[in-house]
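K.L.:
The structure file final.cif (mmCIF, C-alpha atoms and all ligand atoms) is provided below.
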```
data_my_file
loop_
_atom_site.label_atom_id
_atom_site.label_comp_id
_atom_site.auth_asym_id
_atom_site.auth_seq_id
_atom_site.Cartn_x
_atom_site.Cartn_y
_atom_site.Cartn_z
CA MET A 1 -2.84 29.74 -3.17
CA ASN A 2 -4.08 27.09 -0.77
CA GLU A 3 -6.50 27.46 2.17
CA THR A 4 -3.70 27.31 4.73
CA VAL A 5 -1.70 30.16 3.22
CA ARG A 6 -4.82 32.29 2.64
CA PHE A 7 -5.83 31.75 6.25
CA LEU A 8 -2.39 32.63 7.62
CA GLN A 9 -2.23 35.81 5.58
CA SER A 10 -5.55 36.94 7.01
CA LEU A 11 -4.18 37.27 10.55
CA ALA A 12 -1.48 38.68 12.75
CA ASP A 13 1.01 36.15 14.11
CA ASP A 14 -0.10 36.11 17.70
CA ASP A 15 -3.79 35.36 17.30
CA ILE A 16 -3.74 32.27 15.14
CA ASP A 17 -6.83 30.16 15.66
CA ILE A 18 -5.16 26.74 15.93
CA PRO A 19 -8.25 24.56 15.28
CA LYS A 20 -8.94 26.61 12.14
CA LEU A 21 -5.31 26.33 11.04
CA VAL A 22 -5.32 22.55 11.49
CA ASN A 23 -8.59 22.32 9.56
CA CYS A 24 -7.13 24.36 6.69
CA VAL A 25 -4.15 22.02 6.43
CA ILE A 26 -6.41 18.95 6.36
CA ILE A 27 -8.77 20.54 3.81
CA ASP A 28 -5.83 21.41 1.54
CA ALA A 29 -4.50 17.87 1.79
CA VAL A 30 -7.87 16.27 1.07
CA ARG A 31 -8.53 18.59 -1.90
CA ALA A 32 -5.12 17.76 -3.35
CA GLY A 33 -5.93 14.05 -3.02
CA ALA A 34 -3.13 13.38 -0.51
CA SER A 35 -2.81 10.06 1.32
CA ASP A 36 -0.84 11.42 4.30
CA ILE A 37 0.06 14.68 6.00
CA HIS A 38 3.46 15.02 7.70
CA ILE A 39 3.78 17.78 10.31
CA GLU A 40 7.37 17.82 11.39
CA PRO A 41 9.45 20.25 13.46
CA TRP A 42 12.60 21.08 11.48
CA GLU A 43 15.51 23.31 12.52
CA ASN A 44 13.79 26.66 11.87
CA SER A 45 10.17 25.88 11.05
CA ILE A 46 7.46 23.28 11.10
CA ALA A 47 7.42 21.57 7.72
CA VAL A 48 3.93 20.58 6.60
CA ARG A 49 4.16 18.12 3.72
CA ILE A 50 1.56 16.02 1.96
CA ARG A 51 2.02 12.74 0.12
CA LEU A 52 0.65 12.87 -3.43
CA SER A 53 0.81 9.72 -5.57
CA GLY A 54 3.38 8.33 -3.17
CA VAL A 55 5.72 11.34 -3.12
CA LEU A 56 6.01 14.06 -0.43
CA ASN A 57 5.31 17.66 -1.45
CA GLU A 58 5.73 20.77 0.72
CA LEU A 59 2.40 22.40 1.57
CA VAL A 60 3.50 25.17 3.94
CA HIS A 61 6.04 26.06 6.63
CA LEU A 62 4.77 27.29 10.01
CA PRO A 63 6.48 29.00 12.96
CA LEU A 64 8.20 26.43 15.18
CA ASP A 65 6.53 27.66 18.39
CA LEU A 66 3.10 26.51 17.11
CA MET A 67 4.09 22.83 17.28
CA PRO A 68 2.83 22.06 20.82
CA LYS A 69 -0.51 23.75 20.06
CA ILE A 70 -0.94 21.95 16.76
CA SER A 71 -0.12 18.57 18.26
CA GLY A 72 -2.43 19.38 21.20
CA ARG A 73 -5.28 20.11 18.80
CA LEU A 74 -4.74 16.93 16.78
CA LYS A 75 -4.62 14.86 19.96
CA VAL A 76 -8.01 16.24 20.96
CA MET A 77 -9.41 15.40 17.52
CA ALA A 78 -8.06 11.84 17.67
CA ASN A 79 -9.00 11.19 21.32
CA LEU A 80 -5.38 10.93 22.49
CA ILE A 81 -3.90 11.92 25.84
CA ALA A 82 -3.25 15.64 25.43
CA HIS A 83 -0.38 15.98 27.92
CA GLU A 84 1.48 12.89 26.77
CA ASN A 85 4.39 14.01 24.59
CA ILE A 86 7.14 11.64 25.73
CA LEU A 87 5.68 8.45 24.24
CA PRO A 88 4.20 7.85 20.77
CA GLN A 89 0.42 7.65 20.45
CA GLU A 90 -2.02 6.54 17.77
CA GLY A 91 -5.68 7.38 17.39
CA ARG A 92 -8.34 8.21 14.90
CA ALA A 93 -10.90 10.85 14.09
CA PRO A 94 -13.65 8.83 12.38
CA THR A 95 -15.18 11.66 10.36
CA PHE A 96 -13.96 15.04 9.24
CA PRO A 97 -17.12 16.77 7.99
CA GLU A 98 -15.24 19.85 6.72
CA ALA A 99 -13.77 17.78 3.89
CA GLY A 100 -15.93 14.95 2.60
CA ASN A 101 -16.15 13.01 5.88
CA VAL A 102 -12.73 11.48 5.46
CA GLU A 103 -11.36 9.44 8.32
CA LEU A 104 -8.10 10.60 9.88
CA ARG A 105 -5.58 8.28 11.56
CA VAL A 106 -3.27 10.38 13.70
CA SER A 107 0.07 9.14 14.98
CA THR A 108 2.44 11.15 17.15
CA PHE A 109 6.13 10.42 17.50
CA PRO A 110 8.50 12.15 19.94
CA THR A 111 11.62 13.65 18.35
CA VAL A 112 14.36 15.74 19.93
CA ARG A 113 12.75 18.86 18.44
CA GLY A 114 9.25 18.03 19.62
CA GLU A 115 6.52 15.76 18.36
CA LYS A 116 6.28 14.76 14.73
CA ILE A 117 2.76 14.04 13.59
CA VAL A 118 1.61 11.99 10.64
CA ILE A 119 -2.04 11.90 9.62
CA ARG A 120 -3.24 9.19 7.26
CA ILE A 121 -6.29 10.16 5.27
CA PHE A 122 -8.89 7.53 4.41
CA ASP A 123 -11.54 8.60 1.98
CA PRO A 124 -14.38 6.07 2.04
CA THR A 125 -16.02 7.54 -1.07
CA ASN A 126 -12.87 7.62 -3.13
CA ARG A 127 -12.62 3.87 -3.54
CA SER A 128 -13.96 1.50 -6.07
CA PHE A 129 -13.04 -2.02 -5.20
CA SER A 130 -13.18 -3.46 -8.65
CA LEU A 131 -10.29 -5.63 -9.78
CA THR A 132 -10.63 -4.31 -13.32
CA GLY A 133 -10.30 -0.74 -12.04
CA LEU A 134 -6.86 -1.37 -10.55
CA GLY A 135 -5.10 -1.22 -13.90
CA PHE A 136 -3.76 -4.79 -13.69
CA GLU A 137 -2.57 -6.21 -16.98
CA GLU A 138 -4.93 -8.69 -18.64
CA ASP A 139 -2.68 -11.73 -18.09
CA THR A 140 -2.34 -10.95 -14.36
CA LEU A 141 -6.12 -10.64 -14.02
CA THR A 142 -6.78 -13.94 -15.76
CA VAL A 143 -4.50 -15.79 -13.35
CA LEU A 144 -5.84 -13.94 -10.33
CA TYR A 145 -9.45 -14.83 -11.23
CA LYS A 146 -8.43 -18.50 -11.36
CA LEU A 147 -6.76 -18.32 -7.95
CA LEU A 148 -9.80 -16.61 -6.43
CA ALA A 149 -12.08 -19.31 -7.80
CA ARG A 150 -10.23 -22.02 -5.87
CA PRO A 151 -12.03 -23.57 -2.90
CA SER A 152 -8.89 -23.68 -0.75
CA GLY A 153 -5.30 -22.55 -0.47
CA LEU A 154 -3.39 -19.48 0.52
CA VAL A 155 -3.03 -16.45 -1.78
CA LEU A 156 -0.51 -13.88 -0.59
CA LEU A 157 -0.01 -10.28 -1.67
CA THR A 158 3.35 -8.71 -1.03
CA GLY A 159 5.05 -5.36 -1.52
CA PRO A 160 6.29 -2.42 0.54
CA THR A 161 3.95 -0.03 2.36
CA GLY A 162 2.00 2.03 -0.16
CA SER A 163 2.22 -0.53 -2.96
CA GLY A 164 -1.54 -1.02 -3.25
CA LYS A 165 -1.81 -4.29 -1.25
CA THR A 166 -4.84 -3.19 0.77
CA THR A 167 -6.79 -1.92 -2.24
CA ALA A 168 -5.97 -5.08 -4.17
CA ILE A 169 -7.02 -7.44 -1.38
CA TYR A 170 -10.32 -5.57 -0.90
CA ALA A 171 -10.91 -5.73 -4.64
CA ALA A 172 -10.26 -9.48 -4.54
CA LEU A 173 -12.88 -9.93 -1.79
CA HIS A 174 -15.29 -7.73 -3.71
CA HIS A 175 -14.78 -9.94 -6.78
CA ILE A 176 -15.52 -13.11 -4.77
CA ILE A 177 -18.72 -11.59 -3.39
CA GLU A 178 -19.78 -10.40 -6.84
CA ARG A 179 -19.26 -13.88 -8.23
CA ALA A 180 -20.80 -15.93 -5.42
CA GLY A 181 -23.30 -13.50 -3.91
CA PRO A 182 -25.03 -14.65 -0.70
CA THR A 183 -23.99 -18.29 -1.23
CA ILE A 184 -20.53 -17.77 0.26
CA SER A 185 -19.34 -16.97 3.78
CA VAL A 186 -16.54 -14.39 3.81
CA ALA A 187 -14.88 -13.04 6.95
CA THR A 188 -11.86 -10.87 7.66
CA VAL A 189 -9.57 -10.17 10.59
CA GLU A 190 -7.83 -6.83 10.21
CA ASP A 191 -5.75 -4.35 12.17
CA PRO A 192 -7.28 -1.91 11.42
CA VAL A 193 -10.36 -2.37 9.24
CA GLU A 194 -9.73 0.26 6.56
CA PHE A 195 -13.00 0.11 4.60
CA ASN A 196 -16.34 -1.50 5.17
CA LEU A 197 -17.39 -4.03 2.58
CA SER A 198 -20.95 -5.22 2.14
CA MET A 199 -21.80 -8.88 2.78
CA ILE A 200 -18.49 -9.50 4.55
CA SER A 201 -17.97 -9.90 8.31
CA GLN A 202 -14.98 -7.77 9.17
CA SER A 203 -13.39 -7.99 12.60
CA GLN A 204 -10.89 -5.51 13.97
CA CYS A 205 -8.03 -6.70 16.19
CA ASN A 206 -7.57 -4.98 19.51
CA PRO A 207 -4.14 -5.98 20.84
CA ALA A 208 -4.60 -3.77 23.94
CA ARG A 209 -7.44 -6.11 24.98
CA ASP A 210 -5.54 -9.21 23.83
CA TYR A 211 -7.79 -9.61 20.80
CA THR A 212 -4.87 -10.39 18.51
CA TYR A 213 -4.74 -11.94 15.03
CA PRO A 214 -4.27 -15.51 16.39
CA VAL A 215 -7.06 -15.13 18.97
CA ALA A 216 -9.47 -13.70 16.41
CA LEU A 217 -8.58 -16.33 13.81
CA ARG A 218 -9.01 -19.25 16.21
CA SER A 219 -12.54 -18.04 17.00
CA LEU A 220 -13.26 -17.33 13.36
CA MET A 221 -12.41 -20.91 12.39
CA ARG A 222 -15.45 -22.02 14.41
CA GLN A 223 -17.67 -19.67 12.39
CA ASP A 224 -17.78 -21.85 9.28
CA PRO A 225 -16.07 -19.41 6.93
CA GLN A 226 -15.22 -20.32 3.33
CA VAL A 227 -13.06 -17.33 2.48
CA ILE A 228 -10.87 -15.72 5.13
CA MET A 229 -8.94 -12.50 4.70
CA ILE A 230 -6.13 -11.83 7.18
CA GLY A 231 -4.99 -8.19 7.10
CA GLU A 232 -1.35 -9.07 7.50
CA ILE A 233 0.75 -12.08 8.44
CA ARG A 234 3.46 -10.76 10.75
CA ASP A 235 4.06 -13.48 13.32
CA ALA A 236 4.55 -17.24 13.36
CA GLU A 237 1.25 -18.02 15.07
CA THR A 238 -0.82 -16.11 12.53
CA ALA A 239 1.20 -17.68 9.71
CA ASN A 240 0.53 -21.16 11.11
CA ILE A 241 -3.20 -20.61 11.37
CA ALA A 242 -3.30 -19.17 7.85
CA VAL A 243 -1.49 -22.22 6.46
CA GLN A 244 -3.68 -24.67 8.37
CA ALA A 245 -6.83 -22.90 7.22
CA GLY A 246 -5.60 -23.01 3.63
CA LEU A 247 -4.95 -26.75 3.95
CA THR A 248 -8.36 -27.52 5.46
CA GLY A 249 -10.73 -26.31 2.78
CA HIS A 250 -10.61 -22.53 3.13
CA LEU A 251 -9.47 -19.94 0.66
CA VAL A 252 -7.21 -17.60 2.62
CA LEU A 253 -6.10 -14.19 1.35
CA SER A 254 -3.47 -12.19 3.18
CA THR A 255 -0.61 -9.75 2.83
CA ILE A 256 2.95 -10.21 4.01
CA HIS A 257 5.99 -7.95 3.95
CA SER A 258 8.91 -9.30 2.00
CA GLY A 259 11.72 -7.79 -0.04
CA SER A 260 10.63 -9.74 -3.11
CA THR A 261 7.77 -11.92 -4.29
CA ALA A 262 9.75 -15.16 -4.14
CA GLY A 263 11.14 -14.01 -0.76
CA VAL A 264 7.78 -14.74 0.88
CA PHE A 265 8.77 -18.40 1.29
CA ALA A 266 12.04 -17.59 3.07
CA ARG A 267 10.21 -15.08 5.26
CA MET A 268 7.73 -17.75 6.38
CA ILE A 269 10.43 -20.40 6.81
CA ASN A 270 12.25 -17.92 9.06
CA MET A 271 9.06 -17.67 11.09
CA GLY A 272 9.47 -21.40 11.76
CA LEU A 273 7.03 -22.85 9.23
CA GLU A 274 7.88 -26.14 7.58
CA PRO A 275 8.61 -25.94 3.82
CA PHE A 276 6.23 -28.87 3.14
CA LEU A 277 3.35 -26.92 4.72
CA LEU A 278 4.14 -23.86 2.58
CA SER A 279 4.51 -25.82 -0.64
CA SER A 280 1.16 -27.53 -0.12
CA SER A 281 -0.83 -24.50 1.06
CA ILE A 282 0.42 -21.44 -0.88
CA VAL A 283 -1.13 -21.39 -4.35
CA GLY A 284 0.03 -17.99 -5.53
CA VAL A 285 1.96 -14.87 -4.51
CA LEU A 286 1.21 -11.52 -6.08
CA GLY A 287 3.97 -8.91 -5.82
CA LEU A 288 2.79 -5.31 -6.19
CA ARG A 289 4.30 -1.88 -6.81
CA LEU A 290 2.74 1.43 -7.81
CA VAL A 291 4.34 3.68 -10.42
CA ARG A 292 3.19 7.20 -11.24
CA LYS A 293 1.66 7.59 -14.69
CA ASN A 294 2.77 10.28 -17.13
CA CYS A 295 0.51 13.34 -17.14
CA PRO A 296 -1.64 13.04 -20.29
CA VAL A 297 -1.56 16.82 -20.83
CA CYS A 298 2.20 17.37 -20.91
CA SER A 299 3.74 13.98 -21.71
CA GLU A 300 6.14 14.08 -24.65
CA THR A 301 8.42 11.70 -26.50
CA TYR A 302 11.93 11.72 -25.03
CA THR A 303 15.14 9.74 -25.07
CA PRO A 304 16.18 8.32 -21.71
CA GLU A 305 19.85 8.79 -20.85
CA ALA A 306 22.34 6.39 -22.41
CA GLY A 307 23.06 4.58 -19.13
CA LEU A 308 19.41 3.55 -18.85
CA LEU A 309 19.02 2.66 -22.52
CA LYS A 310 21.97 0.28 -22.23
CA LEU A 311 19.83 -1.85 -19.89
CA LEU A 312 17.49 -2.73 -22.75
CA PRO A 313 18.12 -5.23 -25.53
CA ASP A 314 18.47 -3.55 -28.97
CA GLU A 315 15.28 -4.91 -30.51
CA ILE A 316 13.19 -3.66 -27.58
CA ARG A 317 14.83 -0.23 -27.53
CA GLN A 318 14.01 0.30 -31.19
CA THR A 319 10.29 -0.35 -30.84
CA ALA A 320 9.83 1.72 -27.67
CA ASP A 321 7.68 4.83 -27.40
CA PHE A 322 9.50 6.52 -24.50
CA ARG A 323 7.40 9.27 -22.99
CA LYS A 324 7.71 11.52 -19.98
CA GLY A 325 5.61 14.31 -18.44
CA MET A 326 7.32 17.68 -18.84
CA GLY A 327 5.28 19.39 -16.09
CA CYS A 328 2.24 21.65 -16.49
CA THR A 329 -0.43 23.25 -14.33
CA ALA A 330 -2.71 20.19 -14.69
CA CYS A 331 -0.16 18.01 -12.86
CA ALA A 332 1.19 20.67 -10.45
CA HIS A 333 4.45 20.58 -12.48
CA THR A 334 5.24 17.03 -11.38
CA GLY A 335 4.85 15.49 -14.85
CA PHE A 336 2.71 12.73 -13.35
CA SER A 337 -0.98 12.12 -12.90
CA GLY A 338 -2.43 9.08 -11.12
CA ARG A 339 -0.75 5.75 -10.58
CA ALA A 340 -0.66 2.34 -12.20
CA THR A 341 -0.02 -1.03 -10.62
CA VAL A 342 2.93 -3.15 -11.61
CA THR A 343 2.50 -6.80 -10.70
CA GLU A 344 4.56 -9.98 -10.48
CA MET A 345 2.43 -13.10 -10.32
CA LEU A 346 4.12 -16.18 -8.92
CA ILE A 347 2.06 -19.34 -9.30
CA VAL A 348 2.93 -22.34 -7.20
CA GLU A 349 2.79 -25.39 -9.43
CA GLU A 350 4.64 -28.71 -9.42
CA VAL A 351 8.17 -27.50 -10.21
CA LEU A 352 8.06 -24.55 -7.83
CA ARG A 353 6.48 -26.70 -5.11
CA GLU A 354 9.46 -29.04 -5.37
CA ALA A 355 11.85 -26.06 -5.18
CA VAL A 356 10.16 -24.77 -2.01
CA LEU A 357 10.35 -28.25 -0.47
CA GLN A 358 14.10 -28.24 -1.11
CA LYS A 359 14.35 -24.92 0.76
CA MET A 360 15.98 -23.24 -2.24
CA PRO A 361 17.31 -19.74 -1.53
CA THR A 362 15.12 -16.86 -2.72
CA ARG A 363 17.31 -15.99 -5.71
CA GLN A 364 17.06 -19.55 -7.03
CA LEU A 365 13.32 -19.76 -6.36
CA GLN A 366 12.92 -16.61 -8.40
CA GLU A 367 14.91 -18.20 -11.26
CA VAL A 368 12.67 -21.27 -11.14
CA ALA A 369 9.55 -19.07 -11.19
CA ILE A 370 10.91 -17.17 -14.21
CA GLN A 371 11.63 -20.45 -16.00
CA GLN A 372 8.03 -21.41 -15.30
CA GLY A 373 6.84 -18.27 -17.05
CA MET A 374 6.69 -15.61 -14.32
CA LEU A 375 7.15 -12.07 -15.65
CA THR A 376 9.14 -10.00 -13.16
CA LEU A 377 8.21 -6.60 -11.73
CA TRP A 378 10.94 -5.12 -13.91
CA GLN A 379 9.54 -6.71 -17.08
CA MET A 380 5.99 -5.66 -16.21
CA GLY A 381 7.19 -2.14 -15.37
CA MET A 382 9.09 -1.98 -18.67
CA ARG A 383 5.90 -2.86 -20.54
CA ARG A 384 4.45 0.38 -19.19
CA VAL A 385 7.62 2.32 -20.11
CA LEU A 386 7.67 0.94 -23.66
CA ARG A 387 4.02 1.92 -24.12
CA GLY A 388 4.80 5.44 -22.91
CA GLU A 389 2.55 5.18 -19.82
CA THR A 390 5.29 6.03 -17.36
CA SER A 391 8.90 7.16 -17.55
CA PHE A 392 11.95 4.90 -17.48
CA GLU A 393 13.26 6.86 -14.47
CA GLU A 394 10.03 6.20 -12.55
CA VAL A 395 10.34 2.42 -12.97
CA MET A 396 14.00 2.64 -11.90
CA ARG A 397 12.95 4.62 -8.80
CA VAL A 398 10.24 2.17 -7.76
CA ILE A 399 11.51 -1.20 -8.95
CA GLY A 400 15.18 -0.87 -9.95
CA PHE A 401 16.94 -2.92 -12.59
CA GLU A 402 16.37 -6.66 -12.33
CA GLY A 403 17.62 -7.78 -15.74
CA PHE A 404 15.79 -9.07 -18.77
ZN ZN A 501 1.23 17.81 -16.81
#
```
Represent the structure contained in this file as structure tokens.

P.N.:
Amino acid sequence: MNETVRFLQSLADDDIDIPKLVNCVIIDAVRAGASDIHIEPWENSIAVRIRLSGVLNELVHLPLDLMPKISGRLKVMANLIAHENILPQEGRAPTFPEAGNVELRVSTFPTVRGEKIVIRIFDPTNRSFSLTGLGFEEDTLTVLYKLLARPSGLVLLTGPTGSGKTTAIYAALHHIIERAGPTISVATVEDPVEFNLSMISQSQCNPARDYTYPVALRSLMRQDPQVIMIGEIRDAETANIAVQAGLTGHLVLSTIHSGSTAGVFARMINMGLEPFLLSSSIVGVLGLRLVRKNCPVCSETYTPEAGLLKLLPDEIRQTADFRKGMGCTACAHTGFSGRATVTEMLIVEEVLREAVLQKMPTRQLQEVAIQQGMLTLWQMGMRRVLRGETSFEEVMRVIGFEGF
């Protein structure tokens, strides 16, 4: 039984201590290792769900009439306007001493049934920013180390929300600092700064005060940086500055949203950047996804269904050690425990540079990258399936079939 349920059972309905209730929910989520809490008014109850290893799980259901009080309490905690419930708001509670001093990012969103609240949980102690600790495959790491040793150029990380981009980019910075120590000048512009790193100047954008990515970056360029990390490229101006910085003797690391790794070029061309600037500045694109790992306690050999097996060439199917978690108390009957990164490393060398210059469509660029030796997300995910680290179904859920 979790804290929230124990607390609710200890009282009569009409004298619920709302601050205590909210605390119990947060404590339960932190103890379970959740990344987010969703508090959402449904038809007959408030659904409280927590995201564990990327998947939502129900924590508890609460009476619907508590919603205004719960959202009121969270707004107080996150310094938001308490009476504002027509427009969305975002704020943060920097420390939550009741559960390991985690930081909470609260966002409210008006729905027709009342406000929906999502709380992101940041645990500053729960992070090691070591590239070797991310579970990258050896060949990916070797290439990444080479890219990070370059004096200039643009290295982009791409993947959907929750694919491990932020952790990976922090680990990359950490690696650079470990290698170069105090001899290198590293600065970041982020929105928001998620973790504090030693020996790195991190600056947080503040769009409300017009301190945007482009404004911050233009100032930063006068600060003699060698390595620049840009939290995210999401507009043409930021993209232009990133490219220029990469072309003028800076190593620039950033993330960008794109449907696929090779799609980063089309995304930036759509922002109005010239292909020749991209082909000469971007040195590598790392696509990322996270798959849940089989629970070591209950994972067993199994045979995936025929439809899935048909996707694999015969010789590969025969050597595979297909495994899947069956569900046990150690993994809360999910069959999974922890996550592993699946990567797709696209290196921009002569042939690909030429293809970008010719404005090849994404599909064709991807083909060129594969011909040049790129292993796709699907292939890298399958490596983990064939070694029994995750299930076939999990890779299908996260990556989908891309062909061998
Ligand atoms: Zn298990």

K.L.:
Hey, can you check how far CA of Val55 (chain A) sits from CA of Val25 (chain A)?

P.N.:
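Atom-to-atom, CA of Val55 (chain A) to CA of Val25 (chain A), that is 17.4 Å.
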
K.L.:
Within 12 Å of ligand ZN 501 (chain A), counting all atoms listed in the file: which residues, as a PDB file with C-alpha atoms, keeping the file's coordinate frame?

P.N.:
```
ATOM      1  CA  LYS A 293       1.660   7.590 -14.690  1.00  0.00           C
ATOM      2  CA  ASN A 294       2.770  10.280 -17.130  1.00  0.00           C
ATOM      3  CA  CYS A 295       0.510  13.340 -17.140  1.00  0.00           C
ATOM      4  CA  PRO A 296      -1.640  13.040 -20.290  1.00  0.00           C
ATOM      5  CA  VAL A 297      -1.560  16.820 -20.830  1.00  0.00           C
ATOM      6  CA  CYS A 298       2.200  17.370 -20.910  1.00  0.00           C
ATOM      7  CA  SER A 299       3.740  13.980 -21.710  1.00  0.00           C
ATOM      8  CA  GLU A 300       6.140  14.080 -24.650  1.00  0.00           C
ATOM      9  CA  LYS A 324       7.710  11.520 -19.980  1.00  0.00           C
ATOM     10  CA  GLY A 325       5.610  14.310 -18.440  1.00  0.00           C
ATOM     11  CA  MET A 326       7.320  17.680 -18.840  1.00  0.00           C
ATOM     12  CA  GLY A 327       5.280  19.390 -16.090  1.00  0.00           C
ATOM     13  CA  CYS A 328       2.240  21.650 -16.490  1.00  0.00           C
ATOM     14  CA  THR A 329      -0.430  23.250 -14.330  1.00  0.00           C
ATOM     15  CA  ALA A 330      -2.710  20.190 -14.690  1.00  0.00           C
ATOM     16  CA  CYS A 331      -0.160  18.010 -12.860  1.00  0.00           C
ATOM     17  CA  ALA A 332       1.190  20.670 -10.450  1.00  0.00           C
ATOM     18  CA  HIS A 333       4.450  20.580 -12.480  1.00  0.00           C
ATOM     19  CA  THR A 334       5.240  17.030 -11.380  1.00  0.00           C
ATOM     20  CA  GLY A 335       4.850  15.490 -14.850  1.00  0.00           C
ATOM     21  CA  PHE A 336       2.710  12.730 -13.350  1.00  0.00           C
ATOM     22  CA  SER A 337      -0.980  12.120 -12.900  1.00  0.00           C
ATOM     23  CA  GLY A 338      -2.430   9.080 -11.120  1.00  0.00           C
TER      24      GLY A 338
END
```

K.L.:
Could you work out how far CA of Ile370 (chain A) lies from CA of Arg384 (chain A), giving the answer in Å with one decimal?

P.N.:
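That distance, rounded to one decimal, is 19.4 Å.
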
K.L.:
Do you know which residues are at most 8 Å from region 124-140 of chain A counting all atoms listed in the file, after dropping those on the same chain fewer than 5 positions away, and could you put them as a count of residues only?

P.N.:
16

K.L.:
Do you have the CA of Leu346 (chain A)-CA of Thr261 (chain A) distance handy?

P.N.:
7.3 Å

K.L.:
For region 143-148 of chain A, list every protein, DNA or RNA residue within 8 Å, evaluated using all atoms listed in the file, and leave out those in the same chain fewer than 4 positions away; present the list as a list in words.

P.N.:
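Close residues of region 143-148 of chain A: Asp139, Val155, Ala172, Ile176, Leu251, Val283 and Gly284 of chain A.
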
K.L.:
Residues of the last selection are to be written out with C-alpha atoms, as a short mmCIF file (atom, residue, chain, number, x, y, z; two decimals), in the coordinates of the input.

P.N.:
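Output file again_34.cif follows:
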```
data_model
loop_
_atom_site.label_atom_id
_atom_site.label_comp_id
_atom_site.auth_asym_id
_atom_site.auth_seq_id
_atom_site.Cartn_x
_atom_site.Cartn_y
_atom_site.Cartn_z
CA ASP A 139 -2.68 -11.73 -18.09
CA VAL A 155 -3.03 -16.45 -1.78
CA ALA A 172 -10.26 -9.48 -4.54
CA ILE A 176 -15.52 -13.11 -4.77
CA LEU A 251 -9.47 -19.94 0.66
CA VAL A 283 -1.13 -21.39 -4.35
CA GLY A 284 0.03 -17.99 -5.53
#
```

K.L.:
Hey, what's within 10 Å of His250 (chain A) if we count only C-alpha atoms and toss same-chain stuff fewer than 3 positions away? As a VMD selection string, please?

P.N.:
chain A and resid 150 to 154 221 224 to 228 242 to 247 253

K.L.:
Hey, what's within 8 Å of Ser203 (chain A) if we count all atoms listed in the file and toss same-chain stuff fewer than 4 positions away? As JSON, numbers by chain, please?

P.N.:
{"A": [187, 188, 189, 190, 193, 216]}

K.L.:
Show me the residues around (0.8, 17.5, 20.4) - criterion: an atom at most 8 Å away, all atoms listed in the file counted - as a short mmCIF file (atom, residue, chain, number, x, y, z; two decimals) with C-alpha atoms, in the frame of the given file.

P.N.:
```cif
data_model
loop_
_atom_site.label_atom_id
_atom_site.label_comp_id
_atom_site.auth_asym_id
_atom_site.auth_seq_id
_atom_site.Cartn_x
_atom_site.Cartn_y
_atom_site.Cartn_z
CA MET A 67 4.09 22.83 17.28
CA PRO A 68 2.83 22.06 20.82
CA LYS A 69 -0.51 23.75 20.06
CA ILE A 70 -0.94 21.95 16.76
CA SER A 71 -0.12 18.57 18.26
CA GLY A 72 -2.43 19.38 21.20
CA ARG A 73 -5.28 20.11 18.80
CA LEU A 74 -4.74 16.93 16.78
CA LYS A 75 -4.62 14.86 19.96
CA ALA A 82 -3.25 15.64 25.43
CA HIS A 83 -0.38 15.98 27.92
CA GLU A 84 1.48 12.89 26.77
CA ASN A 85 4.39 14.01 24.59
CA THR A 108 2.44 11.15 17.15
CA GLU A 115 6.52 15.76 18.36
CA ILE A 117 2.76 14.04 13.59
#
```

K.L.:
Report as a PyMOL selection string all protein, DNA and RNA residues lying within 8 Å of Leu21 (chain A), evaluated on all atoms listed in the file, omitting residues in the same chain fewer than 6 positions from it.

P.N.:
chain A and resi 4+7-8

K.L.:
Considering all atoms listed in the file, can you say which of A:Ala149, A:Met77, A:Ile184, A:Ile37 comes closest to Val118 (chain A)?

P.N.:
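Nearest to Val118 (chain A): A:Ile37.
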
K.L.:
Take region 155-162 of chain A, model N, CA and C atoms, and hand the result over as a CSV table (one decimal), in the coordinates of the input.

P.N.:
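Result file rebuild-v9.csv:
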```csv
chain,number,residue,atom,x,y,z
A,155,VAL,N,-3.5,-17.4,-0.8
A,155,VAL,CA,-3.0,-16.4,-1.8
A,155,VAL,C,-2.4,-15.3,-1.1
A,156,LEU,N,-1.2,-15.0,-1.3
A,156,LEU,CA,-0.5,-13.9,-0.6
A,156,LEU,C,-0.2,-12.7,-1.5
A,157,LEU,N,-0.4,-11.5,-1.0
A,157,LEU,CA,0.0,-10.3,-1.7
A,157,LEU,C,1.2,-9.7,-0.9
A,158,THR,N,2.2,-9.3,-1.7
A,158,THR,CA,3.4,-8.7,-1.0
A,158,THR,C,3.9,-7.5,-1.7
A,159,GLY,N,4.5,-6.6,-1.0
A,159,GLY,CA,5.0,-5.4,-1.5
A,159,GLY,C,5.3,-4.4,-0.4
A,160,PRO,N,6.1,-3.4,-0.6
A,160,PRO,CA,6.3,-2.4,0.5
A,160,PRO,C,5.0,-1.6,0.9
A,161,THR,N,5.1,-0.9,2.0
A,161,THR,CA,4.0,0.0,2.4
A,161,THR,C,3.7,0.9,1.2
A,162,GLY,N,2.4,1.1,0.9
A,162,GLY,CA,2.0,2.0,-0.2
A,162,GLY,C,2.1,1.4,-1.5
```
